[in-house]
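One file, structure_17.cif, carrying mmCIF, C-alpha atoms:
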data_coords
#
loop_
_atom_site.label_atom_id
_atom_site.label_comp_id
_atom_site.auth_asym_id
_atom_site.auth_seq_id
_atom_site.Cartn_x
_atom_site.Cartn_y
_atom_site.Cartn_z
CA MET A 1 -44.03 25.32 12.48
CA THR A 2 -42.95 22.83 9.84
CA LYS A 3 -39.32 22.92 8.91
CA HIS A 4 -38.40 23.98 5.45
CA LYS A 5 -37.66 20.95 3.26
CA LEU A 6 -34.30 22.34 2.29
CA ASP A 7 -33.36 22.94 5.93
CA GLN A 8 -34.46 19.44 6.83
CA LEU A 9 -32.37 17.91 4.06
CA PHE A 10 -29.21 19.69 5.14
CA LYS A 11 -29.85 19.09 8.83
CA ASN A 12 -30.29 15.37 8.32
CA LYS A 13 -27.18 15.06 6.23
CA LEU A 14 -24.81 17.48 7.91
CA GLU A 15 -25.69 17.76 11.59
CA GLN A 16 -23.69 14.70 12.55
CA VAL A 17 -21.13 14.86 9.77
CA GLU A 18 -17.66 13.88 10.93
CA VAL A 19 -14.36 14.90 9.40
CA THR A 20 -11.30 13.06 10.67
CA PRO A 21 -8.58 15.53 11.65
CA SER A 22 -5.09 15.13 10.23
CA ASP A 23 -2.18 13.79 12.26
CA ALA A 24 -0.73 17.30 12.19
CA ALA A 25 -3.82 18.48 14.06
CA PHE A 26 -3.20 15.89 16.78
CA GLU A 27 0.42 17.05 17.04
CA LYS A 28 -0.74 20.64 17.44
CA PHE A 29 -3.21 19.55 20.10
CA SER A 30 -0.46 17.68 22.00
CA HIS A 31 1.77 20.76 21.87
CA ARG A 32 -1.03 22.94 23.15
CA ILE A 33 -1.61 20.60 26.10
CA ASN A 34 2.09 20.57 26.93
CA ASP A 35 2.32 24.36 26.65
CA ARG A 36 -0.67 24.67 28.93
CA LYS A 37 1.04 22.53 31.57
CA LYS A 38 4.27 24.46 31.14
CA GLY A 39 2.27 27.66 31.36
CA TYR A 40 1.10 26.76 34.85
CA TRP A 41 4.69 26.18 35.95
CA TYR A 42 5.82 29.44 34.40
CA TYR A 43 2.98 31.20 36.17
CA ILE A 44 3.96 29.68 39.51
CA ALA A 45 7.65 30.49 38.94
CA ALA A 46 6.81 34.04 37.90
CA SER A 47 4.63 34.64 40.94
CA VAL A 48 7.29 33.25 43.29
CA SER A 49 9.98 35.48 41.78
CA LEU A 50 7.64 38.49 41.89
CA LEU A 51 7.02 37.86 45.57
CA ALA A 52 10.76 37.63 46.17
CA ILE A 53 11.36 40.93 44.35
CA ALA A 54 8.54 42.60 46.25
CA ALA A 55 9.98 41.39 49.56
CA ALA A 56 13.46 42.64 48.62
CA VAL A 57 12.12 46.05 47.60
CA PHE A 58 10.07 46.33 50.77
CA TRP A 59 13.09 45.46 52.88
CA GLN A 60 15.27 48.02 51.08
CA VAL A 61 12.65 50.75 51.33
CA SER A 62 12.20 50.24 55.04
CA GLU A 63 15.99 50.29 55.51
CA ASN A 64 16.30 53.55 53.55
CA GLU A 65 13.47 55.13 55.49
CA THR A 66 15.26 54.51 58.78
CA SER A 67 18.47 56.09 57.44
CA VAL A 68 16.52 59.12 56.21
CA GLN A 69 14.99 59.61 59.63
CA LEU A 70 18.41 59.52 61.19
CA THR A 71 19.89 62.13 58.86
CA ASP A 72 16.93 64.49 58.49
CA ASP A 73 17.68 66.71 61.47
CA SER A 74 21.38 66.98 60.75
CA ARG A 75 20.60 67.63 57.10
CA SER A 76 18.35 70.57 57.80
CA ILE A 77 20.86 72.02 60.22
CA ILE A 78 23.66 71.68 57.72
CA ALA A 79 21.48 73.20 55.02
CA LYS A 80 20.68 76.21 57.18
CA ASP A 81 24.33 76.59 58.15
CA SER A 82 25.43 76.47 54.58
CA LEU A 83 22.88 79.11 53.59
CA ARG A 84 24.02 81.34 56.40
CA LYS A 85 27.58 80.86 55.35
CA ILE A 86 26.74 81.75 51.78
CA ALA A 87 24.86 84.83 52.91
CA SER A 88 27.80 86.03 54.98
CA ASP A 89 30.12 85.32 52.10
CA GLU A 90 27.94 87.48 49.91
CA MET A 91 28.19 90.30 52.35
CA ILE A 92 31.97 90.02 52.29
CA ALA A 93 31.96 89.92 48.53
CA GLN A 94 29.72 92.98 48.36
CA SER A 95 31.97 94.96 50.68
CA ASN A 96 35.05 93.89 48.75
CA SER A 97 33.72 94.89 45.40
CA LYS A 98 31.56 97.91 45.74
CA PRO A 99 30.81 98.63 42.12
CA GLU A 100 27.81 96.47 41.39
CA GLU A 101 28.03 96.92 37.68
CA VAL A 102 31.16 96.35 35.71
CA ASN A 103 31.47 97.31 32.13
CA GLU A 104 33.87 95.35 30.09
CA LYS A 105 34.81 95.51 26.49
CA ILE A 106 35.81 92.26 25.03
CA VAL A 107 37.10 92.07 21.51
CA PHE A 108 36.30 88.99 19.55
CA ASP A 109 37.46 88.03 16.12
CA GLU A 110 34.24 86.92 14.55
CA THR A 111 31.95 84.87 16.72
CA PRO A 112 29.69 86.61 19.27
CA ALA A 113 30.55 86.07 22.91
CA LYS A 114 27.11 85.01 23.99
CA SER A 115 27.32 81.59 22.48
CA VAL A 116 30.99 81.08 23.27
CA LYS A 117 30.89 81.99 26.91
CA VAL A 118 27.58 80.72 28.19
CA GLN A 119 26.97 77.46 26.44
CA PRO A 120 29.98 75.52 27.71
CA ALA A 121 28.83 76.07 31.25
CA ILE A 122 25.46 74.54 30.45
CA LYS A 123 27.07 71.53 28.85
CA ARG A 124 29.35 70.91 31.78
CA VAL A 125 26.51 71.11 34.24
CA GLU A 126 24.45 68.75 32.16
CA ILE A 127 27.24 66.21 32.30
CA ILE A 128 27.47 66.57 36.02
CA GLU A 129 23.74 66.20 36.29
CA LYS A 130 23.97 62.83 34.54
CA GLN A 131 26.75 61.69 36.81
CA ASN A 132 24.43 62.30 39.74
CA LEU A 133 27.04 63.22 42.31
CA SER A 134 26.29 61.81 45.67
CA VAL A 135 28.75 63.38 48.06
CA ALA A 136 27.20 66.72 48.73
CA ILE A 137 29.40 68.04 51.45
CA VAL A 138 32.32 68.35 49.10
CA ALA A 139 30.13 70.10 46.55
CA LYS A 140 28.89 72.51 49.15
CA GLU A 141 32.38 73.40 50.21
CA GLU A 142 33.23 74.15 46.65
CA ILE A 143 30.26 76.45 46.36
CA THR A 144 31.06 78.35 49.49
CA THR A 145 34.75 78.75 48.74
CA GLU A 146 34.05 80.02 45.29
CA VAL A 147 31.50 82.47 46.50
CA LYS A 148 34.10 83.80 48.87
CA GLU A 149 36.24 84.88 45.98
CA PRO A 150 35.66 88.52 45.19
CA LEU A 151 34.55 89.79 41.84
CA GLU A 152 37.49 89.37 39.61
CA THR A 153 38.32 90.18 36.09
CA ASP A 154 36.75 87.29 34.25
CA ARG A 155 33.33 86.89 35.70
CA PHE A 156 32.20 84.43 33.13
CA ASN A 157 34.89 81.98 34.05
CA MET A 158 33.90 82.22 37.63
CA ILE A 159 30.29 81.48 36.83
CA ALA A 160 31.40 78.52 34.84
CA GLN A 161 33.51 77.23 37.71
CA SER A 162 30.80 77.62 40.26
CA THR A 163 28.29 75.85 38.09
CA ASP A 164 30.85 73.10 37.57
CA SER A 165 30.87 72.41 41.21
CA ILE A 166 27.10 72.36 41.58
CA PRO A 167 26.07 68.75 41.54
CA ASP A 168 22.39 68.67 40.70
CA ILE A 169 20.67 71.42 38.79
CA SER A 170 17.59 71.07 36.68
CA GLU A 171 17.50 72.40 33.15
CA ALA A 172 14.86 74.95 34.07
CA GLU A 173 17.15 76.44 36.65
CA LEU A 174 19.94 76.65 34.15
CA ILE A 175 17.75 78.50 31.71
CA ALA A 176 16.87 80.83 34.52
CA ILE A 177 20.56 81.50 35.07
CA VAL A 178 21.26 82.18 31.45
CA GLU A 179 18.21 84.28 30.76
CA GLU A 180 17.78 86.08 34.06
CA PRO A 181 17.89 89.76 33.07
CA GLU A 182 18.59 91.12 36.54
CA THR A 183 21.75 89.19 37.04
CA GLU A 184 23.23 89.19 33.61
CA GLU A 185 22.78 91.41 30.63
CA ILE A 186 24.55 90.68 27.46
CA GLU A 187 24.55 93.20 24.68
CA VAL A 188 25.99 92.19 21.40
CA LYS A 189 27.18 95.10 19.36
CA PRO A 190 27.26 94.90 15.59
CA LEU A 191 30.88 93.81 15.13
CA PRO A 192 33.57 92.86 16.51
CA VAL A 193 33.45 94.77 19.80
CA VAL A 194 31.05 93.34 22.34
CA THR A 195 30.11 95.26 25.44
CA ILE A 196 29.01 93.09 28.28
CA THR A 197 27.27 94.69 31.22
CA TYR A 198 26.40 92.54 34.15
CA LYS A 199 25.65 92.75 37.79
CA SER A 200 26.98 90.60 40.54
CA GLY A 201 26.15 86.94 40.17
CA LYS A 202 25.94 86.38 43.90
CA LYS A 203 22.20 86.38 44.12
CA LYS A 204 22.05 83.71 41.50
CA LYS A 205 24.58 81.58 43.31
CA ALA A 206 22.68 81.88 46.54
CA ILE A 207 19.57 80.59 44.82
CA LEU A 208 21.52 77.74 43.35
CA ALA A 209 23.03 76.86 46.68
CA GLU A 210 19.63 76.96 48.30
CA ASN A 211 18.23 74.63 45.72
CA THR A 212 21.04 72.18 45.72
CA ALA A 213 22.56 72.15 49.14
CA PRO A 214 19.82 70.48 51.21
CA ARG A 215 19.31 67.82 48.59
CA ASP A 216 22.82 66.51 48.68
CA THR A 217 23.63 66.32 52.33
CA THR A 218 22.79 62.65 52.67
CA ASN A 219 25.33 60.23 51.42
CA ILE A 220 23.51 57.83 49.11
CA LYS A 221 24.64 54.75 47.26
CA ASP A 222 24.49 54.61 43.49
CA GLY A 223 21.74 52.59 41.81
CA ALA A 224 18.36 52.96 40.16
CA PHE A 225 16.34 52.50 43.30
CA ASN A 226 18.49 54.89 45.24
CA LYS A 227 18.15 57.51 42.51
CA ILE A 228 14.40 57.28 42.81
CA PHE A 229 14.52 57.37 46.57
CA ASN A 230 16.99 60.23 46.45
CA SER A 231 14.72 62.33 44.26
CA ALA A 232 11.70 61.42 46.37
CA ARG A 233 13.60 62.28 49.49
CA SER A 234 14.62 65.65 48.10
CA LEU A 235 10.93 66.53 47.80
CA ALA A 236 10.36 66.14 51.53
CA ASP A 237 11.68 68.99 53.59
CA GLY A 238 13.60 67.86 56.64
CA SER A 239 11.97 70.43 58.84
CA LEU A 240 8.56 69.26 57.70
CA ILE A 241 9.37 65.70 58.73
CA ALA A 242 10.75 67.01 62.00
CA SER A 243 7.55 68.93 62.67
CA PHE A 244 5.55 65.79 61.93
CA ARG A 245 7.71 63.89 64.34
CA ASP A 246 7.24 66.57 67.00
CA ALA A 247 3.52 66.43 66.51
CA LYS A 248 3.60 62.64 66.82
CA GLU A 249 5.68 62.80 70.00
CA ASN A 250 3.33 65.38 71.47
CA LEU A 251 0.46 63.09 70.71
CA PHE A 252 2.13 60.20 72.48
CA ASN A 253 3.05 62.41 75.41
CA LYS A 254 -0.54 63.45 75.73
CA ASN A 255 -1.58 59.84 75.69
CA ASP A 256 0.97 59.06 78.36
CA ASP A 257 -0.42 61.81 80.49
CA MET B 1 2.81 8.95 18.57
CA ARG B 2 -0.95 8.69 18.83
CA LEU B 3 -2.41 6.71 21.66
CA THR B 4 -5.32 4.38 21.18
CA ILE B 5 -8.04 5.14 23.67
CA LYS B 6 -10.35 2.47 24.93
CA LYS B 7 -13.90 2.90 23.62
CA SER B 8 -15.33 2.16 27.03
CA ILE B 9 -14.27 5.54 28.44
CA ASN B 10 -17.45 7.55 28.93
CA ASP B 11 -18.18 11.25 29.20
CA ASP B 12 -18.18 11.26 33.01
CA GLU B 13 -14.75 9.70 33.13
CA ILE B 14 -13.51 12.17 30.54
CA ILE B 15 -14.96 15.11 32.48
CA ASN B 16 -13.54 13.95 35.81
CA GLY B 17 -10.17 13.17 34.28
CA CYS B 18 -10.00 16.56 32.56
CA LEU B 19 -10.96 18.31 35.80
CA SER B 20 -8.00 16.56 37.46
CA GLY B 21 -5.78 17.60 34.56
CA LYS B 22 -5.14 14.03 33.44
CA ARG B 23 -3.48 13.84 30.06
CA ILE B 24 -5.17 10.53 29.19
CA ALA B 25 -8.63 12.04 29.71
CA GLN B 26 -7.77 15.07 27.58
CA GLN B 27 -6.61 12.80 24.80
CA ALA B 28 -9.73 10.68 25.18
CA LEU B 29 -11.86 13.79 24.73
CA TYR B 30 -9.92 14.66 21.61
CA GLU B 31 -10.29 11.14 20.22
CA LYS B 32 -14.01 11.07 20.89
CA TYR B 33 -15.01 14.53 19.73
CA SER B 34 -12.37 15.92 17.39
CA ALA B 35 -13.93 14.48 14.20
CA LYS B 36 -17.43 15.59 15.15
CA MET B 37 -16.26 19.05 16.06
CA LEU B 38 -14.13 19.37 12.97
CA GLY B 39 -17.32 18.51 11.04
CA VAL B 40 -18.95 21.53 12.72
CA CYS B 41 -16.01 23.86 12.10
CA ILE B 42 -15.71 22.96 8.46
CA ARG B 43 -19.35 23.91 7.81
CA TYR B 44 -18.69 27.40 9.14
CA LEU B 45 -15.15 28.08 8.05
CA LYS B 46 -14.83 26.19 4.78
CA ASP B 47 -11.02 26.05 4.93
CA ARG B 48 -9.67 22.78 6.28
CA ASP B 49 -6.57 24.16 8.06
CA GLU B 50 -8.48 27.03 9.65
CA SER B 51 -11.11 24.55 10.78
CA GLU B 52 -8.54 22.30 12.42
CA ASP B 53 -6.99 25.25 14.24
CA VAL B 54 -10.35 26.44 15.53
CA MET B 55 -11.32 22.89 16.51
CA ILE B 56 -8.15 22.58 18.60
CA SER B 57 -8.67 26.00 20.21
CA SER B 58 -12.24 24.98 21.00
CA ILE B 59 -11.13 21.79 22.74
CA MET B 60 -8.60 23.78 24.76
CA LYS B 61 -11.45 26.08 25.75
CA VAL B 62 -13.50 23.04 26.76
CA PHE B 63 -10.67 22.09 29.15
CA GLU B 64 -10.60 25.61 30.56
CA LYS B 65 -14.36 25.78 31.08
CA MET B 66 -14.85 22.19 32.18
CA ASP B 67 -15.70 23.23 35.74
CA GLN B 68 -18.62 25.26 34.38
CA PHE B 69 -20.34 22.19 32.91
CA LYS B 70 -23.35 21.47 35.10
CA ARG B 71 -23.77 17.81 34.01
CA GLU B 72 -27.45 18.47 33.41
CA GLY B 73 -27.65 18.29 29.63
CA SER B 74 -25.64 16.45 27.02
CA PHE B 75 -21.90 16.90 27.24
CA GLU B 76 -21.60 16.69 23.47
CA GLY B 77 -24.16 19.48 23.07
CA TRP B 78 -22.20 21.63 25.50
CA VAL B 79 -18.95 21.00 23.65
CA ARG B 80 -20.68 21.72 20.36
CA ARG B 81 -21.91 25.10 21.57
CA ILE B 82 -18.39 26.03 22.60
CA VAL B 83 -17.14 25.01 19.17
CA ILE B 84 -19.83 27.04 17.40
CA ASN B 85 -19.02 30.08 19.51
CA GLU B 86 -15.35 29.71 18.68
CA CYS B 87 -16.20 29.52 14.98
CA LEU B 88 -18.33 32.66 15.21
CA THR B 89 -15.58 34.48 17.09
CA TYR B 90 -13.09 33.47 14.43
CA LEU B 91 -15.42 34.64 11.64
CA ARG B 92 -16.06 37.97 13.30
CA LYS B 93 -12.33 38.53 13.64
CA ASN B 94 -11.18 37.31 10.28
CA LYS B 95 -13.95 37.42 7.71
CA SER B 96 -16.23 40.05 6.33
CA MET B 97 -19.49 38.49 7.30
CA PHE B 98 -22.20 40.24 5.40
CA MET B 99 -21.91 41.14 1.79
CA ALA B 100 -24.90 41.78 -0.41
CA VAL B 101 -25.09 39.21 -3.16
CA ASP B 102 -27.74 39.39 -5.85
CA VAL B 103 -29.91 36.32 -5.78
CA GLU B 104 -32.37 35.57 -8.57
CA LYS B 105 -35.65 33.92 -7.81
CA ILE B 106 -35.80 30.17 -8.37
CA GLU B 107 -37.67 28.74 -11.36
CA ARG B 108 -38.70 25.61 -9.49
CA GLU B 109 -37.96 23.76 -6.27
CA PRO B 110 -35.56 20.81 -6.45
CA ASN B 111 -36.75 17.31 -5.74
CA TYR B 112 -35.55 16.92 -2.17
CA GLN B 113 -36.22 13.23 -1.97
CA VAL B 114 -34.16 12.47 -5.05
CA ILE B 115 -31.40 14.79 -3.88
CA SER B 116 -31.37 13.11 -0.49
CA ASP B 117 -31.01 9.71 -2.11
CA THR B 118 -28.38 10.66 -4.63
CA LEU B 119 -26.21 13.30 -2.99
CA VAL B 120 -23.92 12.25 -0.14
CA GLU B 121 -22.89 14.34 2.85
CA ALA B 122 -19.73 15.56 1.17
CA ASP B 123 -21.74 16.98 -1.74
CA LEU B 124 -24.09 18.88 0.53
CA LEU B 125 -21.17 20.05 2.63
CA SER B 126 -19.46 21.53 -0.43
CA LEU B 127 -22.74 23.27 -1.36
CA VAL B 128 -22.94 24.89 2.08
CA GLN B 129 -19.29 25.84 1.88
CA SER B 130 -19.86 27.55 -1.45
CA LEU B 131 -22.22 30.09 0.16
CA PRO B 132 -20.96 33.58 1.03
CA THR B 133 -19.82 33.77 4.66
CA GLY B 134 -22.84 35.62 6.04
CA TYR B 135 -25.39 33.38 4.33
CA ARG B 136 -23.48 30.27 5.32
CA THR B 137 -23.27 31.33 8.95
CA VAL B 138 -26.95 32.14 9.29
CA PHE B 139 -27.99 29.01 7.37
CA ASN B 140 -25.80 26.80 9.58
CA LEU B 141 -27.11 28.37 12.75
CA TYR B 142 -30.78 28.34 11.77
CA ALA B 143 -31.24 25.26 9.58
CA ILE B 144 -28.71 22.86 11.08
CA GLU B 145 -28.10 24.03 14.65
CA GLY B 146 -31.71 25.06 15.21
CA TYR B 147 -31.04 28.55 16.60
CA SER B 148 -33.88 31.08 16.43
CA HIS B 149 -33.49 34.32 14.49
CA LYS B 150 -33.37 36.17 17.80
CA GLU B 151 -30.48 34.04 19.03
CA ILE B 152 -28.66 34.47 15.73
CA ALA B 153 -29.17 38.22 15.84
CA GLU B 154 -27.71 38.37 19.36
CA ASN B 155 -24.79 36.12 18.50
CA LEU B 156 -23.83 37.98 15.35
CA SER B 157 -24.79 41.47 16.54
CA ILE B 158 -27.23 41.93 13.68
CA SER B 159 -30.97 42.62 13.51
CA VAL B 160 -33.54 39.84 13.36
CA ASN B 161 -34.57 41.07 9.91
CA THR B 162 -31.01 40.81 8.64
CA SER B 163 -30.87 37.26 9.94
CA LYS B 164 -34.13 36.43 8.16
CA SER B 165 -33.06 37.96 4.86
CA GLN B 166 -29.69 36.23 5.00
CA LEU B 167 -31.44 32.91 5.57
CA SER B 168 -33.91 33.31 2.72
CA ARG B 169 -31.13 34.32 0.31
CA ALA B 170 -29.04 31.37 1.44
CA ARG B 171 -31.96 29.06 0.77
CA VAL B 172 -32.52 30.45 -2.72
CA LEU B 173 -28.83 30.09 -3.55
CA LEU B 174 -28.83 26.49 -2.35
CA GLN B 175 -31.97 25.69 -4.27
CA HIS B 176 -30.35 27.02 -7.44
CA LYS B 177 -27.34 24.85 -6.83
CA LEU B 178 -29.47 21.77 -6.13
CA VAL B 179 -31.42 22.25 -9.34
CA GLU B 180 -28.12 22.53 -11.20
CA ALA B 181 -26.88 19.39 -9.47
CA GLU B 182 -30.03 17.54 -10.48
CA LYS B 183 -29.42 18.42 -14.10
CA ILE B 184 -25.84 17.18 -13.95
CA LEU B 185 -26.67 13.99 -12.06
CA ASP B 186 -29.47 12.83 -14.28
CA PRO B 187 -31.11 14.85 -17.01
CA LYS B 188 -34.05 12.46 -16.87
CA LEU B 189 -34.95 13.83 -13.47
CA LEU B 190 -36.11 16.98 -15.15
CA THR B 191 -38.80 15.07 -17.01
CA ASN B 192 -39.89 13.08 -13.94
CA ASP B 193 -41.09 16.17 -12.08
#

Translate this file's structure into structure tokens.
Amino acid sequence: MTKHKLDQLFKNKLEQVEVTPSDAAFEKFSHRINDRKKGYWYYIAASVSLLAIAAAVFWQVSENETSVQLTDDSRSIIAKDSLRKIASDEMIAQSNSKPEEVNEKIVFDETPAKSVKVQPAIKRVEIIEKQNLSVAIVAKEEITTEVKEPLETDRFNMIAQSTDSIPDISEAELIAIVEEPETEEIEVKPLPVVTITYKSGKKKKAILAENTAPRDTTNIKDGAFNKIFNSARSLADGSLIASFRDAKENLFNKNDD
Amino acid sequence: MRLTIKKSINDDEIINGCLSGKRIAQQALYEKYSAKMLGVCIRYLKDRDESEDVMISSIMKVFEKMDQFKREGSFEGWVRRIVINECLTYLRKNKSMFMAVDVEKIEREPNYQVISDTLVEADLLSLVQSLPTGYRTVFNLYAIEGYSHKEIAENLSISVNTSKSQLSRARVLLQHKLVEAEKILDPKLLTND
């Protein structure tokens, strides 16, 4: 196939055409070469530091795992004890205050009680949640002692106090507390008299204690990693780990036999 | 400061030096091929600064891919293909490649021999650069680089027929411009036909 004359003309003239680059182009080229060399060093430095970080994390994780194993059994025992204690406290509270329902008339000037009484408790707990309290034993004691107190005049204050002392409560749980119809019924009358009918809040507290107590029995250092490990650890039930360990030991025993 | 590179340095030395990461070999490659490759880029991209940037990126790519060069064919041809690919990549990213331009049929063919004798490379280069991007790209690839329509279609993700139509329109446009150039250069040429 013969080449088109036009194509041939342009090919002959332009195929080997040379255009001398500017000095600026050479400067750019030199920079690119230098950057490329630097890039290798950065890559090496980055990989070395990554390795170091990975090693540090691995070391810390393994250290934490050993401490968890040590505390798991005691934690579950303490958790069970605390629940038992709370349950017995409830019984005492029930016997002390027989009327389950208390009707109270509270007179307010203008604003309804619902927003005034309940919301501050939520806020306080949220703050505590952010602080991420680590010492759980103290918190637990607070819970139990407050549960011991019988039903007194201002129930709302008591709820607020008890929630103050609870270290780690999720928002969903809080909503459950506020909106749970069985435990708390708030009726807002037209004006200015508000009748508040509520049942004992003990059941609610027991649930809260159950949720929070086992989680906080281990004493954990502050820090981002520890927060993550703490939350991860709270997912694993101590008894579950113990049962795994038992199963493992049984396996080894069998092998020994 | 620019270094002067000895002319005696050949492609093998450049390739080996670049594979060892030697700065002197990289600069030798630049000295030997930068003008040729800028000549390629400027046919495709038209703009001088853009062409220089793509030329430099292409040479950096040559360094990266140096270990893939089999040493079977011409090193210059291999470098040139990398440069062309870089130009096409740049065009795909930055330019609208194919726009329909109305092209009238030519009255007569230009006198190629006279044109070849009178017009220099720079004139023909500016004629190619004046083409719309799509026409220019296909014309460069087909007429100057010697790619087939199939190869062009694959490279530009277009159909073979689109490649063919772009080429024929590019040719007609160039022929128009050459006829115009003939008239400007020497009106007597018109009577010599």

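If you measure from each of B:Thr89, B:Ser163, B:Ser148, B:Gln26 to chain A using only C-alpha atoms, the closest one turns out to be B:Gln26.
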
Please enumerate the residues selected by the PyMOL selection byres ((chain B) within 8 of (chain A)) when evaluated against the supplied file, formatted as an mmCIF file with C-alpha atoms, keeping the file's coordinate frame.
data_model
loop_
_atom_site.group_PDB
_atom_site.id
_atom_site.type_symbol
_atom_site.label_atom_id
_atom_site.label_comp_id
_atom_site.auth_asym_id
_atom_site.auth_seq_id
_atom_site.Cartn_x
_atom_site.Cartn_y
_atom_site.Cartn_z
ATOM 1 C CA ARG B 2 -0.950 8.690 18.830
ATOM 2 C CA SER B 34 -12.370 15.920 17.390
ATOM 3 C CA ALA B 35 -13.930 14.480 14.200
ATOM 4 C CA LYS B 36 -17.430 15.590 15.150
ATOM 5 C CA MET B 37 -16.260 19.050 16.060
ATOM 6 C CA LEU B 38 -14.130 19.370 12.970
ATOM 7 C CA GLY B 39 -17.320 18.510 11.040
ATOM 8 C CA VAL B 40 -18.950 21.530 12.720
ATOM 9 C CA GLU B 52 -8.540 22.300 12.420
ATOM 10 C CA ASP B 53 -6.990 25.250 14.240
ATOM 11 C CA ILE B 56 -8.150 22.580 18.600
ATOM 12 C CA MET B 60 -8.600 23.780 24.760
ATOM 13 C CA TYR B 112 -35.550 16.920 -2.170
ATOM 14 C CA SER B 116 -31.370 13.110 -0.490
ATOM 15 C CA VAL B 120 -23.920 12.250 -0.140
ATOM 16 C CA GLU B 121 -22.890 14.340 2.850
ATOM 17 C CA LEU B 124 -24.090 18.880 0.530
ATOM 18 C CA LEU B 125 -21.170 20.050 2.630
ATOM 19 C CA ALA B 143 -31.240 25.260 9.580
ATOM 20 C CA ILE B 144 -28.710 22.860 11.080
ATOM 21 C CA GLU B 145 -28.100 24.030 14.650
ATOM 22 C CA ARG B 171 -31.960 29.060 0.770
ATOM 23 C CA GLN B 175 -31.970 25.690 -4.270
#

Output of the PyMOL selection byres ((chain B and resi 173) around 9), listed as number ranges by chain: B: 103-106, 131, 168-172, 174-178

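Excluding Asn155 of chain B itself and any same-chain residue fewer than 2 positions from it, the protein and nucleic acid residues within 12 Å of it, counting only C-alpha atoms, are Arg81, Ile84, Asn85, Glu86, Cys87, Leu88, Thr89, Leu91, Arg92, Thr137, Val138, Leu141, Tyr142, Tyr147, Ser148, His149, Lys150, Glu151, Ile152, Ala153, Ser157, Ile158, Ser159, Val160 and Ser163 of chain B.
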
Calculate, to one decimal in Å, the centre and edge lengths of the box along x, y and z of the file that holds all listed atoms of segment 81-86 of chain B with 6 Å of margin on each side, and present them as lines of an AutoDock Vina configuration file.
center_x = -18.6
center_y = 27.5
center_z = 20.0
size_x = 18.6
size_y = 17.1
size_z = 17.2

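Residue nearest Asp117 of chain B within the list B:Leu185, B:Glu64, B:Met97, B:Gly146: B:Leu185 [criterion: smallest interatomic distance, all atoms listed in the file].
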